[in-house]
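Colleague: The structure is given below, and queries will be raised subsequently.
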Amino acid sequence: MQKGLDRTLLTIVLILVLGGFLIFSSASLGLLAREGARFSSIALSQFGFGVIGGLVALTIMSNIHFRFWRKYAFYVFIASIALTLLVFTGLGFEHGGARRWISLGSFSFQPAEILKLAFIVYVATWLSGMQKFTGTFLQGTLPFVGIIAIVGALMLAQPDTDTFIIMAVSASAMFITAGGRWRDMILLFLTGVVVIAILAFTRPYIMDRLLTFANPAADSQGKGYQIQQSLIAIGSGEIVGRGFGQSIQKFEYLPEPIGDSIFAVYAEEFGFMGSSLLVLLFTFFAFRGYRIASHAPDMFGTLLVVGFVTLIIGQAFLNIAAMLGIAPLSGLTLPFISHGGTSLLATLAAVGIVLNVSKYTRAQKK
């Protein structure tokens, strides 16, 4: 029986999106002052494509029955892989040592954002169909690893290690939800640690991040510069912050103030109280999302919600943890807030699917 969508989750998301655009607008001033870019062009791109386009995507997705995606999951997954492969053709371009974007004239986007959604939908479809085998190694765990390996090869080739890790964590949460064995997950975790160790020795930037995390002060003007400036910004906010638009670090010192460092700008302007409120909003989002998953009408719906909520929350908390120095710098953006129209649109589309599942949730047993 269809009900109304979950208004609590929708309210939380709208607060994050609209509040996030204000935070983004303030953080943009620092980048524009340094690089001379026009504020209007960046703000309109974020607002027009990310906020407006994202809210349209949320509305559309929330009105498409979630089981629709199960029918076409494989084809959507293959199409998203093909789209992501285009970054290695003449349509792709490189920025900051990574080849993750496709350029179509004046418009560019990151196809990995679409791949993330398609990956979650496909894994949910596969696990819900193979649920009786998830407790076995040969028919459950091994094929599951194979699916992750395919996406991993594509993401690591760009390279986009951080996004792949979040995708793998989300898929693992889905696997456990579907009945996967914890001992298999522990084995996969250890395998992941080995893979990261190999990547650290073969890709210097990963080793630099790990060493900087271990000792942020070792090279404060070099590899540790971003985390040092982030901690200065967060500490300068004290209890209530300097005030909206009053961040100093965003103008001269903090790298990527509208990207992965945007939480540091926010913390400087709104202090401990504001930062705590933002963390609470993401926490409420997680609780409400997982509640919807626990009352979904079938396993496919449950897995969809678990995957999307874990994807969003995992990225948010890893970004915040990195800015606080309690996790290695990742380069991941803060969902709903950081610059990136494609990312915001894809995130809101995922929320739309979660909201559609909420229309069909079962009544809680007393």
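How things are named: the first chain in the structure tokens is A, the next is B, and so on; residues count from 1 in each chain; ligands count from 1 in the order shown.
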Which residues come within 7 Å of A:Ile114, counting only C-alpha atoms, excluding same-chain residues fewer than 4 positions away, as a ChimeraX atom specification?

Modeller: /A:80,118,346

Colleague: Taking only C-alpha atoms into account, name the residue in A:Ala214, A:Met273, A:Ile262, A:Leu18 that is nearest to A:Arg242.

Modeller: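 Closest candidate: A:Met273.
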
Colleague: Output as a PDB file with C-alpha atoms, in the first residue's frame all residues of stretch 93-157 of chain A that backbone DSSP marks as strand (DSSP E or B).

Modeller:
```pdb
ATOM      1  CA  PHE A  93      40.535  15.606 -19.556  1.00  0.00           C
ATOM      2  CA  GLU A  94      43.016  15.540 -16.705  1.00  0.00           C
ATOM      3  CA  HIS A  95      43.069  17.754 -13.639  1.00  0.00           C
ATOM      4  CA  ALA A  98      43.620  12.449 -12.294  1.00  0.00           C
ATOM      5  CA  ARG A  99      41.557  11.761 -15.403  1.00  0.00           C
ATOM      6  CA  ARG A 100      37.991  11.737 -14.060  1.00  0.00           C
ATOM      7  CA  TRP A 101      36.053  14.248 -16.149  1.00  0.00           C
ATOM      8  CA  ILE A 102      34.373  14.361 -19.544  1.00  0.00           C
ATOM      9  CA  SER A 103      34.253  17.664 -21.383  1.00  0.00           C
ATOM     10  CA  LEU A 104      31.453  18.509 -23.812  1.00  0.00           C
ATOM     11  CA  PHE A 107      30.027  21.650 -19.995  1.00  0.00           C
ATOM     12  CA  SER A 108      31.977  19.040 -18.007  1.00  0.00           C
ATOM     13  CA  PHE A 109      30.923  16.319 -15.605  1.00  0.00           C
TER      14      PHE A 109
END
```

Colleague: Can you pull out every residue from stretch 73-276 of chain A that DSSP, working from the backbone, puts in helix (DSSP H, G or I), and format the result as a PyMOL selection string?

Modeller: chain A and resi 73-88+112-129+131-133+137-157+161-177+182-202+204-214+225-236+249-252+262-276

Colleague: My list of candidates is A:Gln139, A:Leu127, A:Ala171, A:Pro111. Which is closest to A:Gln158 when distances are computed with only C-alpha atoms?

Modeller: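 Using only C-alpha atoms, A:Gln158 sits closest to A:Pro111.
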
Colleague: I'd like to know which of A:Ser247, A:Phe119, A:Asp184, A:Gly222 is closest to A:Leu138, using only C-alpha atoms.

Modeller: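 Counting only C-alpha atoms, the residue closest to A:Leu138 is A:Asp184.
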
Colleague: Looking at A:Phe24, A:Met130, A:Gln315, A:Gly352, which one is nearest to A:Val56, with distances taken over only C-alpha atoms?

Modeller: A:Gly352

Colleague: Which of these residues is nearest to A:Thr8, using only C-alpha atoms: A:Lys250, A:Arg291, A:Arg209, A:Lys71?

Modeller: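 Smallest distance to A:Thr8 is found for A:Arg291.
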
Colleague: Excluding same-chain residues fewer than 5 positions from A:His295, what lies within 12 Å of it counting only C-alpha atoms, as a ChimeraX atom specification?

Modeller: /A:6,288-290,300-303,305-306,354,357-365

Colleague: For A:Pro257, which of A:Leu188, A:Ala233, A:Ile15, A:Ala197 is the closest residue, counting only C-alpha atoms?

Modeller: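 Result for the nearest residue to A:Pro257: A:Ala233.
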
Colleague: Report as number ranges by chain all protein, DNA and RNA residues lying within 6 Å of stretch 307-309 of chain A, evaluated on only C-alpha atoms, omitting residues in the same chain fewer than 2 positions from it.

Modeller: A: 120, 170, 174, 303-305, 311-313

Colleague: Using Å and a single decimal, report how far atom CA of A:Ala316 sits from atom CA of A:Ile166.

Modeller: 10.2 Å

Colleague: When you look at A:Phe317 with a cut-off of 9 Å (counting only C-alpha atoms), what residues show up, excluding the ones that are within fewer than 3 positions of it in the same chain? I need them as a list in words.

Modeller: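 The filter keeps Val279, Phe282, Ile312, Ile313, Gly314, Ile320, Ala321, Ala322 and Leu334 of chain A.
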
Colleague: Could you turn the residues from that selection into a file that holds N, CA and C atoms, as a short mmCIF file (atom, residue, chain, number, x, y, z; two decimals), in the first residue's frame?

Modeller:
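Here's the written file selection-v2.cif:
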```cif
data_model
loop_
_atom_site.label_atom_id
_atom_site.label_comp_id
_atom_site.auth_asym_id
_atom_site.auth_seq_id
_atom_site.Cartn_x
_atom_site.Cartn_y
_atom_site.Cartn_z
N VAL A 279 26.98 17.96 11.92
CA VAL A 279 27.20 16.53 12.17
C VAL A 279 25.90 15.87 12.61
N PHE A 282 23.63 15.19 9.58
CA PHE A 282 24.05 13.99 8.85
C PHE A 282 23.72 12.73 9.65
N ILE A 312 26.35 8.04 1.02
CA ILE A 312 26.32 9.47 1.33
C ILE A 312 26.94 9.75 2.70
N ILE A 313 26.54 8.98 3.70
CA ILE A 313 27.04 9.21 5.05
C ILE A 313 28.53 8.88 5.17
N GLY A 314 28.94 7.79 4.53
CA GLY A 314 30.36 7.42 4.56
C GLY A 314 31.23 8.53 3.99
N ILE A 320 34.68 15.01 6.81
CA ILE A 320 34.78 15.77 8.06
C ILE A 320 35.95 15.25 8.91
N ALA A 321 36.07 13.93 8.99
CA ALA A 321 37.17 13.34 9.77
C ALA A 321 38.53 13.75 9.22
N ALA A 322 38.64 13.82 7.90
CA ALA A 322 39.92 14.22 7.29
C ALA A 322 40.26 15.66 7.64
N LEU A 334 32.20 17.11 0.44
CA LEU A 334 31.16 16.99 1.46
C LEU A 334 29.79 16.99 0.78
#
```

Colleague: Report as a PyMOL selection string all protein, DNA and RNA residues lying within 10 Å of A:Leu329, evaluated on only C-alpha atoms, omitting residues in the same chain fewer than 2 positions from it.

Modeller: chain A and resi 162+206+208-210+212-213+224+226-227+260-261+318-327+331-332

Colleague: Give me a file of those residues, with N, CA and C atoms, as a tab-separated table (two decimals), in the first residue's frame.

Modeller:
```
chain	number	residue	atom	x	y	z
A	162	ASP	N	39.69	7.12	-3.48
A	162	ASP	CA	38.79	7.46	-2.37
A	162	ASP	C	37.34	7.09	-2.69
A	206	ILE	N	49.42	8.36	-2.28
A	206	ILE	CA	48.73	7.64	-1.21
A	206	ILE	C	49.64	7.49	0.00
A	208	ASP	N	52.05	9.50	0.77
A	208	ASP	CA	52.17	10.84	1.35
A	208	ASP	C	51.00	11.13	2.29
A	209	ARG	N	49.80	10.74	1.88
A	209	ARG	CA	48.62	10.98	2.72
A	209	ARG	C	48.72	10.20	4.03
A	210	LEU	N	49.15	8.95	3.95
A	210	LEU	CA	49.25	8.13	5.15
A	210	LEU	C	50.33	8.67	6.09
A	212	THR	N	51.42	11.79	6.21
A	212	THR	CA	50.94	13.06	6.73
A	212	THR	C	49.94	12.85	7.85
A	213	PHE	N	49.09	11.85	7.71
A	213	PHE	CA	48.13	11.54	8.75
A	213	PHE	C	48.84	11.10	10.03
A	224	GLY	N	51.90	18.50	4.49
A	224	GLY	CA	50.97	18.68	5.60
A	224	GLY	C	50.29	20.04	5.62
A	226	GLN	N	47.72	21.42	3.89
A	226	GLN	CA	46.26	21.49	3.90
A	226	GLN	C	45.68	21.15	5.26
A	227	ILE	N	46.16	20.07	5.88
A	227	ILE	CA	45.61	19.69	7.17
A	227	ILE	C	45.97	20.72	8.24
A	260	ASP	N	37.00	19.90	-1.01
A	260	ASP	CA	37.09	19.02	0.16
A	260	ASP	C	37.41	19.76	1.45
A	261	SER	N	37.78	21.06	1.38
A	261	SER	CA	38.08	21.82	2.61
A	261	SER	C	36.92	22.68	3.07
A	318	LEU	N	33.78	10.81	6.32
A	318	LEU	CA	35.20	10.70	5.98
A	318	LEU	C	35.77	12.07	5.64
A	319	ASN	N	34.99	12.89	4.95
A	319	ASN	CA	35.44	14.25	4.63
A	319	ASN	C	35.66	15.06	5.91
A	320	ILE	N	34.68	15.01	6.81
A	320	ILE	CA	34.78	15.77	8.06
A	320	ILE	C	35.95	15.25	8.91
A	321	ALA	N	36.07	13.93	8.99
A	321	ALA	CA	37.17	13.34	9.77
A	321	ALA	C	38.53	13.75	9.22
A	322	ALA	N	38.64	13.82	7.90
A	322	ALA	CA	39.92	14.22	7.29
A	322	ALA	C	40.26	15.66	7.64
A	323	MET	N	39.26	16.54	7.63
A	323	MET	CA	39.50	17.95	7.97
A	323	MET	C	39.86	18.13	9.45
A	324	LEU	N	39.40	17.19	10.27
A	324	LEU	CA	39.73	17.25	11.70
A	324	LEU	C	41.04	16.54	12.03
A	325	GLY	N	41.63	15.88	11.04
A	325	GLY	CA	42.89	15.19	11.25
A	325	GLY	C	42.76	13.83	11.90
A	326	ILE	N	41.53	13.27	11.93
A	326	ILE	CA	41.35	11.94	12.53
A	326	ILE	C	41.18	10.86	11.47
A	327	ALA	N	41.41	11.23	10.21
A	327	ALA	CA	41.45	10.29	9.10
A	327	ALA	C	42.38	10.89	8.05
A	331	GLY	N	40.35	13.78	-0.31
A	331	GLY	CA	39.95	14.45	-1.54
A	331	GLY	C	38.47	14.31	-1.83
A	332	LEU	N	37.74	13.60	-0.95
A	332	LEU	CA	36.29	13.46	-1.12
A	332	LEU	C	35.60	14.76	-0.73
```

Colleague: To one decimal place, how far is atom CA of A:Ala79 from atom CA of A:Ala349 in Å?

Modeller: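 Atom CA of A:Ala349 lies 17.3 Å from atom CA of A:Ala79.
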